[in-house]
Amino acid sequence: MADMDRDDLLSLYRQMLLIRRFEEKSAEMYALAKIAGFLHLYIGEEAVAVGAIAALRPDDYAISAYRDHGYCLARGSDPGKVMAELFGKATGLCQGKGGSMHLVDLPNRFMGGYAIVGGHIPLATGLAFATKYQKQDLVTVCFFGEGAVPSGQAHEAFNLAALWKLPVIFICENNRYGMGTPVHRAVALYENVAEAARSYGIMAERVDGMDVLAVRALMRTVVDQVRAGHGPFFIEAMTYRFMGHSMADPSHGHYRSKDEVEEHRKRDPLVLLKQQILDQALCAEADFKPLEQEVGEIVAAAVKFADESPFPEPSALHRDVMVED
Amino acid sequence: MLLSYREALNQAMREEMRRDPRIFLIGEEVGYYQGAFKVTKGFVEEFGPQRVVDTPITEAGFTGLAIGAAMAGLQPIVELMTMNFGIVALDQIVNNAAKIRYMSGGQLSVPIVIRGPGSAAHQLGAQHSQSLEAWFCHVPGLKVVAPSTPRDAKGLLKSAIRDQNPVIFIEAQLLYGTKGEVTEGEYTIPLGQAEVKRAGADVTVVAYSKMLLVALEAADQLSREGLDVEVIDPRTLKPLDLDTIVTSVKKTGRLVIVEEGWRFCGLGAQIADSIYTAAFDYLDGPIVRVTGEEVPMPYSRPLEDAAIPDVPRVVAAVKSVCGAA
């Protein structure tokens, strides 16, 4: 807690709060049929995206799987454009072509959400390969769930990253379930999924993924090391998703108990950080009110923007299939 | 100058890599081994291992890596030891390379060439003898090229490398040693342009890659029997230059399509559909297709020969469409 700075901590809290309120609003919009298709909420896991991305430079690359709203917002994407993308509107980040699972924000170096489990992990090694090839001192951060760890593409990517000392940080968000399958029924070394990376000679560490300060502190060390050319790193962030796998799945379902979810909710990353701030007497309960107010207004404005935006013109259908000469 | 198909490909890549440092070559045995089929002979000596990257046998991993590198501004050439191994990388090719531009609303592009030999050689068995071009042609977002001559191979590969889209560039093991006249100095052949390889008035034969040589031999034989065959090589399979084929069919009124791939849902079915739609009134009879047999490729030589279109079968097809059988 050496670097406790009031504005810094409130900024982290505000980012997590923005993701939380954005996701809650997305669920509402899904219930109103403003959002369709698959919608995977990041509620409960906010500390991982915010803590990890806080340790990056704006020109570093980030890439993720399909539960991607949180990374995108943490990278600085306009919440209005993100919500408009979920609405399938022409003003969305990807002009309505991507949707919830395929957000991309190139100016903010968010290189996409990908929906084939494990399939984006080789892409991350490619981004890192390119920065190394071009002698840029950039790192690439690749987020995925523990459900992707046993996939063949993950292992191929770990091997290539280690073999060629690529500047990539693999962040495994271990939220204990790949959809409804608990980690102990999916990963042979379920008590320590980082062994998958260690077996290729990749250094790895586990972190409390509910503690944004712990995530950021570890990431700062790791980013320095990876940026200095010491090869890839694997972080296993222990986290938990408070909602269902997607909106098609109730928050606990048959595969986990309500009690279990409630137990994890006691370590809600927002509550945890707030308590840390209050414990240090850096500010009072009342100081959080304006943040709620501000974030509430941002999310309301995002919905308004998305709602009032036009759907893509029919002429957009065939645009951007190919790069035209 | 007389060059082999292999030398023509080598020259194309060498010239492009000298021109643009963003271009790198990656694949199994492309470097110190000099290429499984010696297409990249001398490359690692000239460009070094940073730009001529030997990989482990992990097609999904290194193809995905190359796609990621392309997203970050490089221009990768992926050599698949054979196109059959593209099946292992199909998730990367279909779900990432082909879709990333569209899903991102035009923010990202994937300027990549994925090249290697397709189709049967001699007795390589069922897993190494496939003609998969129809698979790739089916996917929006990909271009597919399959040159038949050294001149085309060089000019088209240079265009493919410069193209900002993902291009699947299908060579053929049995073509690597074939020789042909290649223009001296710098030239390119645009993608999407067919070529009339032999002018004729009585019947049009469309054939590409190895089958072009079969079609030309059949045409020679038929000319001695008084049939004047026009042979068209589409060269680029997608986008297909339909105009050149339509122009020819309007002249001859008859069309035979030759392909080595399987009949059902083969490329010839698409070409036939396009011609029926664009030039039905000009046809004097049904389009005839000569295709590979609907079997996994057998090892035994007589069975393999029976599975692949040959000169007698093309001759018979042309005669039947001309009512001369």
# chains A, B, ... in the order shown; residues from 1 in each chain; ligands from 1
>>> residues_around(residues="stretch 68-71 of chain A", least_positions_apart="5", cutoff="6 Å", atoms="only C-alpha atoms", output="NGL selection string")
:A and (19 or 49 or 113)
>>> write_last_selection(atoms="N, CA, C and O atoms", output="mmCIF file, in the first residue's frame")
data_model
loop_
_atom_site.group_PDB
_atom_site.id
_atom_site.type_symbol
_atom_site.label_atom_id
_atom_site.label_comp_id
_atom_site.auth_asym_id
_atom_site.auth_seq_id
_atom_site.Cartn_x
_atom_site.Cartn_y
_atom_site.Cartn_z
ATOM 1 N N ILE A 19 -17.458 -0.098 -15.580
ATOM 2 C CA ILE A 19 -17.697 -1.421 -16.186
ATOM 3 C C ILE A 19 -18.921 -2.071 -15.528
ATOM 4 O O ILE A 19 -19.806 -2.593 -16.200
ATOM 5 N N ALA A 49 -9.299 -6.725 -15.536
ATOM 6 C CA ALA A 49 -9.115 -5.823 -16.677
ATOM 7 C C ALA A 49 -8.530 -4.493 -16.223
ATOM 8 O O ALA A 49 -7.554 -4.002 -16.797
ATOM 9 N N GLY A 113 -12.105 -8.773 -29.513
ATOM 10 C CA GLY A 113 -12.662 -9.884 -28.776
ATOM 11 C C GLY A 113 -12.897 -11.009 -29.777
ATOM 12 O O GLY A 113 -13.362 -10.767 -30.889
#
>>> residues_around(residues="stretch 291-308 of chain A", least_positions_apart="2", cutoff="10 Å", atoms="only C-alpha atoms", output="MDAnalysis selection string")
chainID A and resid 10:11 13:15 17:26 29 34 78:92 286:289 310:311
>>> interface_residues(of="chain A", to="chain B", cutoff="6 Å", atoms="only C-alpha atoms", output="PyMOL selection string")
chain A and resi 94-95+97-98+104+122-123+125-127+130+153+156-157+320-322
>>> residues_around(residues="B:Ile275", least_positions_apart="6", cutoff="10 Å", atoms="only C-alpha atoms", output="PyMOL selection string")
chain B and resi 242-243+245-246+249+255+269+281-283+287
>>> residues_around(residues="B:Thr183", least_positions_apart="3", cutoff="8 Å", atoms="only C-alpha atoms", output="MDAnalysis selection string")
chainID B and resid 1 151 187
>>> residues_around(residues="A:His230", least_positions_apart="5", cutoff="8 Å", atoms="only C-alpha atoms", output="list in words")
Lys165, Pro167 and Gln225 of chain A
>>> atom_distance(atom1="atom CA of A:Ala128", atom2="atom CA of A:Asn159")
13.7 Å
>>> decode(residues="stretch 20-63 of chain B", atoms="N, CA and C atoms", output="tab-separated table (two decimals), in the first residue's frame")
chain	number	residue	atom	x	y	z
B	20	ASP	N	10.50	-4.75	-49.54
B	20	ASP	CA	9.71	-4.33	-48.38
B	20	ASP	C	10.12	-5.12	-47.13
B	21	PRO	N	10.77	-4.45	-46.18
B	21	PRO	CA	11.24	-5.16	-44.98
B	21	PRO	C	10.12	-5.67	-44.09
B	22	ARG	N	8.89	-5.23	-44.31
B	22	ARG	CA	7.77	-5.74	-43.50
B	22	ARG	C	7.41	-7.17	-43.88
B	23	ILE	N	7.87	-7.61	-45.05
B	23	ILE	CA	7.54	-8.97	-45.49
B	23	ILE	C	8.46	-9.98	-44.82
B	24	PHE	N	7.88	-11.00	-44.21
B	24	PHE	CA	8.69	-12.09	-43.68
B	24	PHE	C	8.04	-13.41	-44.05
B	25	LEU	N	8.85	-14.45	-44.02
B	25	LEU	CA	8.40	-15.78	-44.43
B	25	LEU	C	8.41	-16.68	-43.21
B	26	ILE	N	7.35	-17.45	-43.03
B	26	ILE	CA	7.27	-18.30	-41.85
B	26	ILE	C	6.66	-19.64	-42.22
B	27	GLY	N	7.19	-20.70	-41.67
B	27	GLY	CA	6.64	-22.02	-41.94
B	27	GLY	C	7.63	-23.12	-41.56
B	28	GLU	N	7.19	-24.34	-41.79
B	28	GLU	CA	8.03	-25.48	-41.43
B	28	GLU	C	9.13	-25.66	-42.47
B	29	GLU	N	10.35	-25.72	-42.05
B	29	GLU	CA	11.50	-26.01	-42.92
B	29	GLU	C	11.76	-24.96	-44.00
B	30	VAL	N	11.26	-23.73	-43.81
B	30	VAL	CA	11.47	-22.71	-44.84
B	30	VAL	C	12.90	-22.16	-44.82
B	31	GLY	N	13.59	-22.29	-43.68
B	31	GLY	CA	14.90	-21.67	-43.54
B	31	GLY	C	16.05	-22.59	-43.87
B	32	TYR	N	16.63	-23.17	-42.84
B	32	TYR	CA	17.88	-23.92	-43.03
B	32	TYR	C	17.71	-25.16	-43.89
B	33	TYR	N	16.54	-25.71	-43.90
B	33	TYR	CA	16.27	-26.88	-44.76
B	33	TYR	C	16.10	-26.44	-46.22
B	34	GLN	N	15.84	-25.15	-46.43
B	34	GLN	CA	15.67	-24.54	-47.76
B	34	GLN	C	14.27	-24.78	-48.35
B	35	GLY	N	13.34	-25.16	-47.48
B	35	GLY	CA	11.97	-25.42	-47.97
B	35	GLY	C	11.79	-26.89	-48.26
B	36	ALA	N	10.66	-27.44	-47.83
B	36	ALA	CA	10.40	-28.87	-48.04
B	36	ALA	C	10.48	-29.21	-49.52
B	37	PHE	N	10.07	-28.26	-50.38
B	37	PHE	CA	10.15	-28.47	-51.84
B	37	PHE	C	11.15	-27.50	-52.47
B	38	LYS	N	12.03	-26.96	-51.62
B	38	LYS	CA	13.15	-26.11	-52.07
B	38	LYS	C	12.68	-24.83	-52.77
B	39	VAL	N	11.49	-24.38	-52.43
B	39	VAL	CA	11.01	-23.12	-53.01
B	39	VAL	C	11.76	-21.94	-52.40
B	40	THR	N	12.19	-22.08	-51.14
B	40	THR	CA	12.83	-20.95	-50.45
B	40	THR	C	14.34	-21.13	-50.37
B	41	LYS	N	14.88	-21.75	-51.40
B	41	LYS	CA	16.33	-21.99	-51.44
B	41	LYS	C	17.09	-20.66	-51.38
B	42	GLY	N	18.02	-20.59	-50.44
B	42	GLY	CA	18.87	-19.40	-50.33
B	42	GLY	C	18.26	-18.27	-49.51
B	43	PHE	N	17.07	-18.44	-49.04
B	43	PHE	CA	16.39	-17.32	-48.35
B	43	PHE	C	17.00	-16.99	-47.00
B	44	VAL	N	17.25	-18.02	-46.20
B	44	VAL	CA	17.75	-17.71	-44.86
B	44	VAL	C	19.15	-17.12	-44.95
B	45	GLU	N	19.91	-17.53	-45.99
B	45	GLU	CA	21.24	-16.97	-46.19
B	45	GLU	C	21.14	-15.49	-46.56
B	46	GLU	N	20.17	-15.15	-47.40
B	46	GLU	CA	20.07	-13.74	-47.81
B	46	GLU	C	19.36	-12.86	-46.78
B	47	PHE	N	18.28	-13.37	-46.18
B	47	PHE	CA	17.45	-12.49	-45.34
B	47	PHE	C	17.62	-12.73	-43.84
B	48	GLY	N	18.25	-13.82	-43.48
B	48	GLY	CA	18.48	-14.10	-42.06
B	48	GLY	C	17.28	-14.74	-41.39
B	49	PRO	N	17.54	-15.35	-40.25
B	49	PRO	CA	16.48	-16.10	-39.56
B	49	PRO	C	15.38	-15.21	-38.96
B	50	GLN	N	15.63	-13.90	-38.85
B	50	GLN	CA	14.56	-13.02	-38.36
B	50	GLN	C	13.42	-12.93	-39.37
B	51	ARG	N	13.77	-13.00	-40.65
B	51	ARG	CA	12.76	-12.83	-41.71
B	51	ARG	C	12.41	-14.14	-42.39
B	52	VAL	N	13.15	-15.18	-42.10
B	52	VAL	CA	12.85	-16.51	-42.68
B	52	VAL	C	12.75	-17.45	-41.48
B	53	VAL	N	11.54	-17.60	-41.01
B	53	VAL	CA	11.31	-18.13	-39.67
B	53	VAL	C	10.89	-19.60	-39.72
B	54	ASP	N	11.79	-20.47	-39.27
B	54	ASP	CA	11.44	-21.89	-39.15
B	54	ASP	C	10.52	-22.08	-37.95
B	55	THR	N	9.51	-22.92	-38.11
B	55	THR	CA	8.54	-23.11	-37.02
B	55	THR	C	8.50	-24.57	-36.59
B	56	PRO	N	7.99	-24.81	-35.39
B	56	PRO	CA	7.61	-26.18	-35.04
B	56	PRO	C	6.39	-26.61	-35.88
B	57	ILE	N	6.04	-27.86	-35.79
B	57	ILE	CA	4.95	-28.41	-36.61
B	57	ILE	C	3.62	-28.08	-35.95
B	58	THR	N	3.25	-26.81	-36.04
B	58	THR	CA	2.05	-26.32	-35.36
B	58	THR	C	1.35	-25.31	-36.26
B	59	GLU	N	0.65	-25.82	-37.27
B	59	GLU	CA	0.09	-24.92	-38.29
B	59	GLU	C	-0.89	-23.91	-37.71
B	60	ALA	N	-1.73	-24.35	-36.78
B	60	ALA	CA	-2.70	-23.40	-36.20
B	60	ALA	C	-1.95	-22.28	-35.48
B	61	GLY	N	-0.94	-22.67	-34.72
B	61	GLY	CA	-0.18	-21.69	-33.94
B	61	GLY	C	0.56	-20.70	-34.82
B	62	PHE	N	1.32	-21.18	-35.80
B	62	PHE	CA	2.12	-20.20	-36.56
B	62	PHE	C	1.30	-19.45	-37.59
B	63	THR	N	0.22	-20.05	-38.09
B	63	THR	CA	-0.66	-19.29	-38.98
B	63	THR	C	-1.36	-18.19	-38.18
